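Pasted below: entry_1.tsv, TSV, C-alpha atoms and all ligand atoms.
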chain	number	residue	atom	x	y	z
A	3	MET	CA	25.11	12.33	1.46
A	4	PRO	CA	27.98	14.31	3.01
A	5	ILE	CA	28.61	17.04	0.43
A	6	ALA	CA	26.27	18.47	-2.22
A	7	PHE	CA	27.09	21.25	-4.68
A	8	GLU	CA	24.03	23.12	-5.93
A	9	GLY	CA	24.63	25.52	-8.84
A	10	VAL	CA	27.99	26.63	-7.44
A	11	SER	CA	29.88	29.44	-9.18
A	12	TYR	CA	32.97	31.15	-7.86
A	13	ALA	CA	35.00	34.16	-8.95
A	14	TYR	CA	38.33	35.45	-7.63
A	15	ALA	CA	38.55	39.20	-7.31
A	16	ASP	CA	41.18	40.56	-9.67
A	17	PRO	CA	43.09	43.28	-7.80
A	18	GLU	CA	44.71	44.68	-10.97
A	19	ARG	CA	41.36	45.15	-12.69
A	20	GLN	CA	39.87	46.53	-9.47
A	21	LYS	CA	42.63	49.13	-9.28
A	22	LYS	CA	42.13	50.13	-12.91
A	23	ARG	CA	38.38	50.39	-12.44
A	24	ALA	CA	38.85	52.47	-9.25
A	25	ARG	CA	41.10	54.89	-11.16
A	26	ARG	CA	38.59	55.08	-14.00
A	27	GLN	CA	35.71	55.65	-11.55
A	28	LYS	CA	37.65	58.39	-9.77
A	29	ARG	CA	38.18	60.20	-13.05
A	30	ARG	CA	34.49	59.81	-13.94
A	31	ARG	CA	33.37	60.99	-10.47
A	32	GLU	CA	35.58	64.03	-10.83
A	33	ALA	CA	33.87	64.62	-14.17
A	34	GLY	CA	30.48	64.37	-12.39
A	35	VAL	CA	29.39	60.93	-13.77
A	36	ILE	CA	27.60	58.63	-11.26
A	37	GLU	CA	28.32	54.92	-11.76
A	38	GLU	CA	26.91	51.69	-10.26
A	39	PRO	CA	29.58	49.74	-8.35
A	40	PRO	CA	30.68	46.55	-10.15
A	41	SER	CA	29.24	43.32	-8.85
A	42	LEU	CA	30.32	39.72	-9.15
A	43	GLU	CA	26.63	38.87	-9.22
A	44	LYS	CA	26.15	40.63	-12.53
A	45	GLY	CA	26.26	38.78	-15.81
A	46	ALA	CA	26.51	35.08	-16.53
A	47	PRO	CA	29.58	33.41	-15.06
A	48	THR	CA	32.03	32.81	-17.86
A	49	TRP	CA	35.33	31.14	-17.19
A	50	GLY	CA	38.19	33.62	-17.19
A	51	GLY	CA	37.96	37.36	-16.66
A	52	THR	CA	34.80	39.45	-16.54
A	53	ALA	CA	34.53	42.89	-14.92
A	54	ASP	CA	36.89	42.81	-11.89
A	55	ALA	CA	36.73	39.07	-11.42
A	56	VAL	CA	38.25	35.84	-12.65
A	57	TRP	CA	35.47	33.26	-12.80
A	58	ALA	CA	36.91	29.91	-11.75
A	59	LEU	CA	33.75	27.78	-11.36
A	60	ALA	CA	30.39	28.01	-13.08
A	61	ASP	CA	27.12	26.22	-12.17
A	62	ILE	CA	28.59	23.10	-10.56
A	63	ASP	CA	26.05	20.48	-9.46
A	64	PHE	CA	26.91	17.10	-7.97
A	65	THR	CA	26.72	15.11	-4.75
A	66	LEU	CA	29.56	13.25	-3.08
A	67	ALA	CA	28.14	10.03	-1.61
A	68	ASP	CA	29.10	8.66	1.81
A	69	GLY	CA	32.25	6.56	1.57
A	70	GLU	CA	32.71	7.33	-2.12
A	71	PHE	CA	36.10	7.79	-3.81
A	72	LEU	CA	35.69	10.70	-6.20
A	73	GLY	CA	38.53	11.57	-8.58
A	74	VAL	CA	38.76	15.13	-9.89
A	75	ALA	CA	40.48	15.73	-13.22
A	76	GLY	CA	40.90	18.73	-15.49
A	77	HIS	CA	43.56	20.73	-17.30
A	78	THR	CA	45.68	23.29	-15.48
A	79	GLY	CA	43.53	26.17	-14.28
A	80	SER	CA	40.23	24.33	-14.88
A	81	GLY	CA	39.10	24.98	-11.30
A	82	LYS	CA	40.03	21.76	-9.45
A	83	SER	CA	41.66	23.42	-6.42
A	84	THR	CA	38.90	26.02	-6.23
A	85	LEU	CA	36.29	23.24	-6.30
A	86	VAL	CA	37.84	21.24	-3.47
A	87	GLN	CA	38.34	24.30	-1.29
A	88	HIS	CA	34.56	24.69	-1.28
A	89	MET	CA	34.20	21.30	0.37
A	90	ASN	CA	34.86	22.46	3.91
A	91	GLY	CA	33.67	26.03	3.63
A	92	LEU	CA	37.18	27.46	3.24
A	93	VAL	CA	35.92	29.22	0.13
A	94	ARG	CA	32.29	30.30	-0.23
A	95	PRO	CA	30.39	30.27	-3.51
A	96	ALA	CA	29.62	33.56	-5.25
A	97	ARG	CA	26.42	31.83	-6.35
A	98	GLY	CA	24.73	28.58	-5.34
A	99	ARG	CA	25.24	26.50	-2.21
A	100	VAL	CA	27.48	23.78	-0.84
A	101	LEU	CA	25.69	21.59	1.68
A	102	PHE	CA	27.38	19.36	4.25
A	103	ASP	CA	24.93	16.78	5.57
A	104	GLY	CA	22.15	19.02	4.29
A	105	GLN	CA	23.44	22.19	6.00
A	106	ASP	CA	24.66	25.24	4.11
A	107	LEU	CA	28.40	25.80	4.53
A	108	ALA	CA	27.88	29.53	4.02
A	109	ASP	CA	26.77	29.50	7.68
A	110	LYS	CA	29.95	30.06	9.72
A	111	ARG	CA	28.90	27.66	12.49
A	112	VAL	CA	28.19	24.90	9.98
A	113	ALA	CA	31.54	25.57	8.28
A	114	GLN	CA	33.36	25.42	11.61
A	115	LYS	CA	31.70	22.14	12.56
A	116	CYS	CA	32.46	20.72	9.14
A	117	ARG	CA	36.19	21.60	9.19
A	118	GLY	CA	37.02	18.68	11.46
A	119	LYS	CA	34.85	16.32	9.44
A	120	VAL	CA	36.19	17.25	6.02
A	121	GLY	CA	39.98	17.06	6.11
A	122	LEU	CA	41.57	19.13	3.36
A	123	VAL	CA	45.13	18.23	2.40
A	124	PHE	CA	46.60	20.94	0.18
A	125	GLN	CA	49.24	20.47	-2.50
A	126	TYR	CA	52.67	19.95	-0.88
A	127	PRO	CA	51.18	19.86	2.64
A	128	GLU	CA	54.64	19.34	4.17
A	129	HIS	CA	55.33	23.01	3.43
A	130	GLN	CA	52.87	23.80	6.21
A	131	LEU	CA	54.59	21.78	8.95
A	132	PHE	CA	55.63	24.17	11.67
A	133	ALA	CA	55.97	22.58	15.12
A	134	ALA	CA	59.21	21.59	16.89
A	135	THR	CA	58.22	17.92	17.01
A	136	VAL	CA	56.12	15.56	14.92
A	137	ARG	CA	53.90	14.89	17.94
A	138	GLU	CA	53.21	18.61	18.45
A	139	ASP	CA	52.46	19.13	14.78
A	140	VAL	CA	49.93	16.30	14.61
A	141	ALA	CA	48.40	17.35	17.95
A	142	PHE	CA	47.73	20.92	16.80
A	143	GLY	CA	44.30	20.33	15.24
A	144	PRO	CA	42.78	18.04	17.90
A	145	ARG	CA	44.11	20.30	20.67
A	146	ASN	CA	42.26	23.22	19.06
A	147	LEU	CA	39.08	21.17	19.32
A	148	GLY	CA	39.49	21.43	23.10
A	149	LEU	CA	39.88	17.68	23.62
A	150	SER	CA	41.46	16.20	26.77
A	151	THR	CA	45.22	15.56	26.81
A	152	GLU	CA	44.61	11.79	26.80
A	153	GLU	CA	42.29	12.02	23.79
A	154	VAL	CA	44.76	14.24	21.90
A	155	GLU	CA	47.56	11.74	22.66
A	156	ARG	CA	45.37	8.81	21.54
A	157	ARG	CA	44.52	10.56	18.27
A	158	VAL	CA	48.14	11.49	17.57
A	159	ARG	CA	49.25	7.87	18.01
A	160	ALA	CA	46.40	6.51	15.90
A	161	ALA	CA	46.97	9.05	13.12
A	162	LEU	CA	50.72	8.35	12.96
A	163	GLU	CA	50.03	4.62	12.89
A	164	ASP	CA	47.45	5.17	10.11
A	165	VAL	CA	50.17	6.72	7.94
A	166	HIS	CA	52.61	3.92	8.88
A	167	LEU	CA	54.89	6.00	11.07
A	168	ASP	CA	56.00	4.67	14.45
A	169	PRO	CA	54.90	7.22	17.10
A	170	GLU	CA	57.79	6.13	19.41
A	171	GLU	CA	60.36	6.50	16.69
A	172	VAL	CA	59.31	9.78	15.06
A	173	GLY	CA	57.06	11.47	17.66
A	174	GLY	CA	59.87	13.38	19.37
A	175	LYS	CA	61.77	14.27	16.19
A	176	SER	CA	61.61	17.54	14.34
A	177	PRO	CA	59.49	17.05	11.20
A	178	PHE	CA	62.31	18.68	9.26
A	179	GLU	CA	64.70	15.82	10.10
A	180	LEU	CA	62.48	13.42	8.14
A	181	SER	CA	62.54	12.57	4.43
A	182	GLY	CA	60.16	14.39	2.06
A	183	GLY	CA	57.81	11.39	1.87
A	184	GLN	CA	57.76	11.05	5.68
A	185	GLN	CA	57.08	14.77	6.07
A	186	ARG	CA	54.07	14.39	3.81
A	187	ARG	CA	52.89	11.48	5.96
A	188	VAL	CA	53.15	13.70	9.05
A	189	ALA	CA	51.08	16.37	7.30
A	190	PHE	CA	48.47	13.71	6.43
A	191	ALA	CA	48.49	12.51	10.05
A	192	GLY	CA	47.72	16.06	11.20
A	193	VAL	CA	44.53	15.96	9.13
A	194	LEU	CA	43.64	12.37	10.13
A	195	ALA	CA	43.97	13.28	13.81
A	196	MET	CA	40.79	15.37	13.32
A	197	GLU	CA	39.05	12.05	12.47
A	198	PRO	CA	37.49	13.34	9.26
A	199	ARG	CA	34.68	11.52	7.47
A	200	VAL	CA	35.82	12.95	4.16
A	201	LEU	CA	39.43	13.31	3.06
A	202	VAL	CA	40.01	15.88	0.33
A	203	LEU	CA	43.41	15.53	-1.30
A	204	ASP	CA	44.70	18.08	-3.80
A	205	GLU	CA	47.33	16.30	-5.92
A	206	PRO	CA	48.58	14.21	-2.99
A	207	VAL	CA	51.43	12.47	-4.83
A	208	ALA	CA	52.78	15.49	-6.73
A	209	GLY	CA	56.56	15.72	-6.54
A	210	LEU	CA	57.14	12.26	-5.00
A	211	ASP	CA	59.56	9.76	-6.51
A	212	PRO	CA	57.98	6.66	-8.12
A	213	VAL	CA	58.42	4.42	-5.04
A	214	ALA	CA	57.05	6.98	-2.57
A	215	ARG	CA	54.24	7.68	-5.04
A	216	GLU	CA	53.10	4.04	-5.10
A	217	GLU	CA	53.38	3.82	-1.29
A	218	PHE	CA	51.22	6.91	-0.94
A	219	LEU	CA	48.59	5.65	-3.36
A	220	SER	CA	48.41	2.42	-1.32
A	221	LEU	CA	48.04	4.48	1.81
A	222	ILE	CA	45.23	6.54	0.26
A	223	ALA	CA	43.47	3.32	-0.82
A	224	GLU	CA	43.78	2.05	2.77
A	225	LEU	CA	42.40	5.28	4.22
A	226	HIS	CA	39.46	4.99	1.87
A	227	GLY	CA	39.06	1.30	2.69
A	228	ALA	CA	38.61	2.32	6.35
A	229	GLY	CA	35.25	3.84	5.35
A	230	ARG	CA	36.13	7.46	4.67
A	231	ALA	CA	34.97	9.25	1.55
A	232	VAL	CA	37.96	10.47	-0.46
A	233	VAL	CA	38.11	13.26	-3.01
A	234	MET	CA	41.39	13.21	-4.92
A	235	VAL	CA	42.52	15.80	-7.45
A	236	SER	CA	45.01	14.28	-9.87
A	237	HIS	CA	46.61	14.87	-13.21
A	238	SER	CA	47.17	11.11	-13.53
A	239	MET	CA	44.29	9.44	-15.32
A	240	ASP	CA	45.90	6.08	-14.55
A	241	ASP	CA	45.71	6.75	-10.81
A	242	LEU	CA	42.11	7.90	-11.07
A	243	ALA	CA	41.13	4.86	-13.15
A	244	ARG	CA	42.66	2.54	-10.52
A	245	LEU	CA	41.27	4.21	-7.43
A	246	ALA	CA	38.13	6.22	-8.08
A	247	ASP	CA	34.51	5.09	-7.91
A	248	ARG	CA	33.59	8.09	-10.04
A	249	VAL	CA	35.59	10.72	-11.87
A	250	LEU	CA	34.52	14.34	-12.17
A	251	VAL	CA	36.10	16.17	-15.10
A	252	LEU	CA	36.26	19.96	-15.07
A	253	ASN	CA	36.79	22.10	-18.14
A	254	GLU	CA	37.08	25.86	-17.91
A	255	GLY	CA	35.29	25.87	-14.56
A	256	ARG	CA	32.36	23.73	-15.73
A	257	LEU	CA	31.47	20.15	-15.00
A	258	PHE	CA	32.34	18.36	-18.23
A	259	PHE	CA	31.76	14.69	-17.26
A	260	LEU	CA	30.81	12.86	-14.11
A	261	GLY	CA	30.67	9.10	-14.16
A	262	THR	CA	32.45	5.87	-13.40
A	263	PRO	CA	36.00	5.64	-14.80
A	264	ALA	CA	34.68	3.25	-17.48
A	265	GLU	CA	32.04	5.81	-18.54
A	266	VAL	CA	34.42	8.76	-18.48
A	267	PHE	CA	37.42	7.11	-20.12
A	268	ALA	CA	35.26	5.66	-22.89
A	269	ARG	CA	35.07	9.27	-24.14
A	270	GLY	CA	38.71	9.56	-25.17
A	271	GLU	CA	38.05	11.87	-28.12
A	272	GLU	CA	36.18	14.43	-26.04
A	273	LEU	CA	38.79	14.26	-23.29
A	274	ARG	CA	41.58	14.81	-25.78
A	275	ALA	CA	39.66	17.79	-27.19
A	276	ILE	CA	39.95	19.51	-23.77
A	277	GLY	CA	43.62	18.68	-23.37
A	278	LEU	CA	43.23	15.55	-21.22
A	279	ASP	CA	44.24	12.02	-21.90
A	280	VAL	CA	42.89	8.58	-21.05
A	281	PRO	CA	44.78	5.99	-18.96
A	282	ALA	CA	47.64	4.27	-20.81
A	283	ALA	CA	45.91	0.86	-20.95
A	284	GLN	CA	42.71	2.49	-22.22
A	285	LYS	CA	44.63	4.23	-24.98
A	286	LEU	CA	46.31	0.97	-25.96
A	287	ALA	CA	42.94	-0.85	-26.00
A	288	ALA	CA	41.50	1.84	-28.31
A	289	GLU	CA	44.47	1.49	-30.68
A	290	LEU	CA	44.13	-2.30	-30.70
A	291	ARG	CA	40.40	-1.99	-31.43
A	292	GLU	CA	41.27	0.21	-34.41
A	293	GLU	CA	43.63	-2.54	-35.57
A	294	GLY	CA	40.67	-4.92	-35.57
A	295	PHE	CA	41.00	-6.65	-32.19
A	296	ASP	CA	37.63	-7.51	-30.69
A	297	LEU	CA	37.95	-5.89	-27.24
A	298	PRO	CA	34.99	-4.78	-25.09
A	299	ARG	CA	34.73	-1.05	-24.32
A	300	ASP	CA	35.31	-1.59	-20.61
A	301	LEU	CA	37.77	0.01	-18.23
A	302	TYR	CA	41.19	-1.54	-18.59
A	303	GLY	CA	44.26	-1.82	-16.47
A	304	LEU	CA	47.36	-3.35	-18.05
A	305	GLU	CA	46.68	-6.81	-16.57
A	306	SER	CA	43.03	-7.02	-17.56
A	307	LEU	CA	43.93	-5.74	-21.04
A	308	ALA	CA	46.56	-8.47	-21.36
A	309	ASP	CA	43.92	-11.07	-20.32
A	310	ASP	CA	41.36	-9.88	-22.87
A	311	LEU	CA	43.98	-9.57	-25.58
A	312	ALA	CA	45.07	-13.14	-24.93
A	313	ARG	CA	41.43	-14.23	-25.20
A	314	ALA	CA	40.96	-12.24	-28.42
A	315	LEU	CA	44.05	-13.89	-29.89
A	316	THR	CA	43.05	-17.40	-28.85
A	317	GLY	CA	39.40	-16.93	-29.80
A	318	GLY	CA	38.09	-17.28	-26.20
A	319	GLU	CA	35.21	-15.28	-24.72
A	320	PRO	CA	36.20	-11.87	-23.30
A	321	SER	CA	35.93	-11.60	-19.53
A	322	ARG	CA	32.95	-9.56	-18.31
A	323	GLU	CA	34.50	-8.98	-14.89
A	324	PRO	CA	35.10	-5.34	-13.92
A	325	LYS	CA	38.24	-4.32	-15.74
A	326	ALA	CA	40.16	-1.90	-13.52
A	327	ASP	CA	43.20	-3.68	-12.15
A	328	ALA	CA	43.19	-3.72	-8.39
A	329	ALA	CA	44.31	-0.48	-6.83
A	330	PRO	CA	47.36	-0.72	-4.61
A	331	GLY	CA	46.22	-2.06	-1.27
A	332	ARG	CA	42.63	-2.51	-2.41
A	333	ASP	CA	40.85	-4.86	-4.75
A	334	ALA	CA	38.65	-2.65	-6.92
A	335	ARG	CA	36.54	-5.67	-7.84
A	336	GLU	CA	35.34	-6.15	-4.28
A	337	THR	CA	34.18	-2.58	-3.79
A	338	PRO	CA	30.75	-1.86	-5.26
A	339	ARG	CA	30.58	1.50	-7.00
A	340	PRO	CA	27.76	3.81	-5.94
A	341	SER	CA	25.11	4.17	-8.60
A	342	GLY	CA	26.87	6.64	-10.92
A	343	GLU	CA	25.13	9.68	-12.26
A	344	ALA	CA	25.08	9.65	-16.02
A	345	PRO	CA	28.07	11.45	-17.48
A	346	HIS	CA	27.31	15.08	-18.19
A	347	ALA	CA	27.63	16.10	-21.79
B	401	LIG	N1	44.05	33.51	-5.88
B	401	LIG	C1	43.64	33.67	-7.13
B	401	LIG	N2	43.39	34.89	-7.64
B	401	LIG	C2	42.94	35.06	-8.90
B	401	LIG	N3	42.69	34.02	-9.75
B	401	LIG	C3	42.92	32.77	-9.30
B	401	LIG	C4	43.41	32.52	-7.97
B	401	LIG	N4	43.55	31.18	-7.80
B	401	LIG	C5	43.16	30.62	-8.98
B	401	LIG	N5	42.78	31.57	-9.86
B	401	LIG	C6	42.28	31.35	-11.23
B	401	LIG	O1	41.11	30.53	-11.12
B	401	LIG	C7	41.07	29.55	-12.14
B	401	LIG	C8	41.02	28.15	-11.51
B	401	LIG	O2	42.22	27.93	-10.77
B	401	LIG	P1	42.48	26.60	-9.93
B	401	LIG	O3	43.75	26.79	-9.18
B	401	LIG	O4	41.26	26.26	-9.14
B	401	LIG	O5	42.66	25.54	-11.10
B	401	LIG	P2	43.33	24.08	-11.03
B	401	LIG	O6	42.53	23.23	-11.97
B	401	LIG	O7	43.44	23.61	-9.62
B	401	LIG	O8	44.78	24.34	-11.64
B	401	LIG	P3	46.14	23.48	-11.40
B	401	LIG	O9	45.96	22.16	-12.08
B	401	LIG	O10	47.16	24.34	-12.06
B	401	LIG	O11	46.35	23.37	-9.90
B	401	LIG	C9	42.31	29.79	-13.01
B	401	LIG	O12	41.93	30.65	-14.06
B	401	LIG	C10	43.25	30.51	-12.06
B	401	LIG	O13	44.13	31.37	-12.78
With the file now loaded, output its structure as C-alpha cells.
Ligand SMILES: Nc1ncnc2c1ncn2[C@@H]1O[C@H](COP(=O)(O)OP(=O)(O)OP(=O)(O)O)[C@@H](O)[C@H]1O
Amino acid sequence: MPIAFEGVSYAYADPERQKKRARRQKRRREAGVIEEPPSLEKGAPTWGGTADAVWALADIDFTLADGEFLGVAGHTGSGKSTLVQHMNGLVRPARGRVLFDGQDLADKRVAQKCRGKVGLVFQYPEHQLFAATVREDVAFGPRNLGLSTEEVERRVRAALEDVHLDPEEVGGKSPFELSGGQQRRVAFAGVLAMEPRVLVLDEPVAGLDPVAREEFLSLIAELHGAGRAVVMVSHSMDDLARLADRVLVLNEGRLFFLGTPAEVFARGEELRAIGLDVPAAQKLAAELREEGFDLPRDLYGLESLADDLARALTGGEPSREPKADAAPGRDARETPRPSGEAPHA
C-alpha cells in the first residue's frame, strides 16, 4: 500500500481575490469594523472559487496498490495535476491526509524520504534539463542523496540504459544537442536514477510525434513491468485502456469513477456527460451493439473487437478472454489486475 488519499481537499490561494479582500478589509478597518480573517478551512470545498481560494480537489479517497498501474483521466482543469503533486508531498492537502507507506506526508521528514521513492515527472520534463552534460543532469538527484561517486555513476548508467539511451554515446553530450524525444528520455532517466518505487507521470507523451509517442508508451509499460507502480495522467482514453490496471476519473475536483478500464469505459454516457470520451474501439463496439450485433460489454481493443465481431458474424461463441489488446511491450492478459474498488458513482 504505497500511497493512500484520505478525504483530501486542496485549494489554491487566489492572489487577485486576496488583494481585493485586503483592500475591502482596510476600508472596513478604517471605518472601525472588526472582521474575522478568511480561512480556507471554512465552508464546504466546492470546485472553483470560494472566498480567496480556488478549490481544485474535494474529498478524494483512494489507495494506490503496490505495483499497480493507475490511469488518471478528467477534463481540463479537473484537478489531475494537483492530485498527482500530492503523491510525493510536493503539495499538501488543505484537508485530509496523504499517507506514504502509512506515514503522513504532511510531516516534512516523511515527505523528504518519500521524494526519492515517488518519482514525479512533470509535463514537458525536458524543459527542466539544466546541466552541461546528460551525465551531470541524470546524476543531480542521486548526488543530492549523498551517495558515493561509484553509486551515482552506477545509477546514471542504469537509468540511461532503462530509457534505452547508450551512456557512452550520450553521457558526455549536452542534453540540448539531443532530439526532443531523447531529451524527454534524459529527464525520465533523472527521475529513475533515484530508484523510485512509484513513477508518477503527468501527461508523459504530450507533444510527441506518433512514433516517439508509441516508443514512450512501450517504455512506460517496460518500467511498470519492472515492478514499479505507475500513475499516469492522460487525455488519451485509448492509452489508459491499454495500459492501466485501474482508471481514476476526476470531475470538477471530485472522484467520479474508480475501477478497471472495463468498468469505467462501460459508462460511456456518464463519461460523455462530463466531457470525456471512451476509447475508439469501445465506442465502435457500442455503436455495433446498437445496430444489433451481439457483443459482450467487455473492454475492447481494435484486435479483440475484430475477433468478437468475426465470431458474431459467423455465429461462434464470443471470447471470454480479457479484451484489452496487449499494451506496447507488455501483454495485458498476463498481468493480473489488483482487486478493483467498485466504481464510484
Ligand atoms: N497555481 C494555481 N493557482 C490558482 N489556481 C490553479 C493553479 N493551478 C491550477 N489551478 C486551478 O485548479 C484547478 C485544477 O487544476 P489542475 O491543473 O490540477 O487541473 P488538470 O486536470 O491537471 O488540468 P489540465 O488537463 O489542463 O492539465 C483548475 O481550476 C485550475 O484553474
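Once all atoms listed in the file are used for the distance check, the residues close to ligand LIG 401 (chain B) at 6 Å turn out to be Tyr14, Asp16, Gly50, Val56, Ala58, Gly76, His77, Thr78, Gly79, Ser80, Gly81, Lys82, Ser83 and Thr84 of chain A.
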Cut-off 12 Å around (59.8, 15.4, 5.8) with only C-alpha atoms: residues as a PyMOL selection string:
chain A and resi 126-132+135-136+167+172+175-190+210
Contacts of range 234-242 of chain A at 9 Å or less, counting all atoms listed in the file, minus same-chain residues fewer than 6 places along, as a short mmCIF file (atom, residue, chain, number, x, y, z; two decimals) with C-alpha atoms, keeping the file's coordinate frame?
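Listing of around19.cif after writing:
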data_model
loop_
_atom_site.label_atom_id
_atom_site.label_comp_id
_atom_site.auth_asym_id
_atom_site.auth_seq_id
_atom_site.Cartn_x
_atom_site.Cartn_y
_atom_site.Cartn_z
CA PHE A 71 36.10 7.79 -3.81
CA LEU A 72 35.69 10.70 -6.20
CA GLY A 73 38.53 11.57 -8.58
CA VAL A 74 38.76 15.13 -9.89
CA ALA A 75 40.48 15.73 -13.22
CA GLY A 76 40.90 18.73 -15.49
CA HIS A 77 43.56 20.73 -17.30
CA THR A 78 45.68 23.29 -15.48
CA LYS A 82 40.03 21.76 -9.45
CA SER A 83 41.66 23.42 -6.42
CA VAL A 86 37.84 21.24 -3.47
CA LEU A 201 39.43 13.31 3.06
CA VAL A 202 40.01 15.88 0.33
CA LEU A 203 43.41 15.53 -1.30
CA ASP A 204 44.70 18.08 -3.80
CA GLU A 205 47.33 16.30 -5.92
CA PRO A 206 48.58 14.21 -2.99
CA VAL A 207 51.43 12.47 -4.83
CA ALA A 208 52.78 15.49 -6.73
CA LEU A 219 48.59 5.65 -3.36
CA ARG A 248 33.59 8.09 -10.04
CA VAL A 249 35.59 10.72 -11.87
CA PRO A 263 36.00 5.64 -14.80
CA PHE A 267 37.42 7.11 -20.12
CA LEU A 278 43.23 15.55 -21.22
CA ASP A 279 44.24 12.02 -21.90
CA VAL A 280 42.89 8.58 -21.05
CA PRO A 281 44.78 5.99 -18.96
CA ALA A 282 47.64 4.27 -20.81
CA ALA A 283 45.91 0.86 -20.95
CA GLY A 303 44.26 -1.82 -16.47
CA ALA A 329 44.31 -0.48 -6.83
#
Determine, counting only C-alpha atoms, which protein, DNA and RNA residues have an atom within 12 Å of an atom of Val193 in chain A; residues of the same chain fewer than 5 positions away are not included. Present the result as a PDB file with C-alpha atoms, in the frame of the given file.
ATOM      1  CA  ARG A 117      36.190  21.600   9.190  1.00  0.00           C
ATOM      2  CA  GLY A 118      37.020  18.680  11.460  1.00  0.00           C
ATOM      3  CA  LYS A 119      34.850  16.320   9.440  1.00  0.00           C
ATOM      4  CA  VAL A 120      36.190  17.250   6.020  1.00  0.00           C
ATOM      5  CA  GLY A 121      39.980  17.060   6.110  1.00  0.00           C
ATOM      6  CA  LEU A 122      41.570  19.130   3.360  1.00  0.00           C
ATOM      7  CA  VAL A 123      45.130  18.230   2.400  1.00  0.00           C
ATOM      8  CA  PHE A 124      46.600  20.940   0.180  1.00  0.00           C
ATOM      9  CA  PRO A 127      51.180  19.860   2.640  1.00  0.00           C
ATOM     10  CA  GLU A 128      54.640  19.340   4.170  1.00  0.00           C
ATOM     11  CA  GLN A 130      52.870  23.800   6.210  1.00  0.00           C
ATOM     12  CA  LEU A 131      54.590  21.780   8.950  1.00  0.00           C
ATOM     13  CA  ASP A 139      52.460  19.130  14.780  1.00  0.00           C
ATOM     14  CA  VAL A 140      49.930  16.300  14.610  1.00  0.00           C
ATOM     15  CA  ALA A 141      48.400  17.350  17.950  1.00  0.00           C
ATOM     16  CA  PHE A 142      47.730  20.920  16.800  1.00  0.00           C
ATOM     17  CA  GLY A 143      44.300  20.330  15.240  1.00  0.00           C
ATOM     18  CA  PRO A 144      42.780  18.040  17.900  1.00  0.00           C
ATOM     19  CA  ARG A 157      44.520  10.560  18.270  1.00  0.00           C
ATOM     20  CA  VAL A 158      48.140  11.490  17.570  1.00  0.00           C
ATOM     21  CA  ALA A 160      46.400   6.510  15.900  1.00  0.00           C
ATOM     22  CA  ALA A 161      46.970   9.050  13.120  1.00  0.00           C
ATOM     23  CA  LEU A 162      50.720   8.350  12.960  1.00  0.00           C
ATOM     24  CA  ASP A 164      47.450   5.170  10.110  1.00  0.00           C
ATOM     25  CA  VAL A 165      50.170   6.720   7.940  1.00  0.00           C
ATOM     26  CA  ARG A 186      54.070  14.390   3.810  1.00  0.00           C
ATOM     27  CA  ARG A 187      52.890  11.480   5.960  1.00  0.00           C
ATOM     28  CA  VAL A 188      53.150  13.700   9.050  1.00  0.00           C
ATOM     29  CA  PRO A 198      37.490  13.340   9.260  1.00  0.00           C
ATOM     30  CA  ARG A 199      34.680  11.520   7.470  1.00  0.00           C
ATOM     31  CA  VAL A 200      35.820  12.950   4.160  1.00  0.00           C
ATOM     32  CA  LEU A 201      39.430  13.310   3.060  1.00  0.00           C
ATOM     33  CA  VAL A 202      40.010  15.880   0.330  1.00  0.00           C
ATOM     34  CA  LEU A 203      43.410  15.530  -1.300  1.00  0.00           C
ATOM     35  CA  LEU A 225      42.400   5.280   4.220  1.00  0.00           C
TER      36      LEU A 225
END
Of the candidates A:Glu170, A:Asp54, A:Asp68, A:Glu8, which one gets nearest to Arg23 in chain A if we count all atoms listed in the file?
A:Asp54
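Considering the residues A:Leu107, A:Leu194, A:Ala15, A:Ala134 and counting all atoms listed in the file, Ile222 in chain A has its shortest atom-to-atom contact with A:Leu194.
Taking CA of Arg299 in chain A and CA of Leu311 in chain A as endpoints, the distance between them is 12.6 Å.
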Near Arg94 in chain A, counting all atoms listed in the file, which residues have an atom at most 8 Å away, once you skip same-chain residues fewer than 4 positions from it, shown as a list in words?
Tyr12, His88, Leu107 and Ala108 of chain A
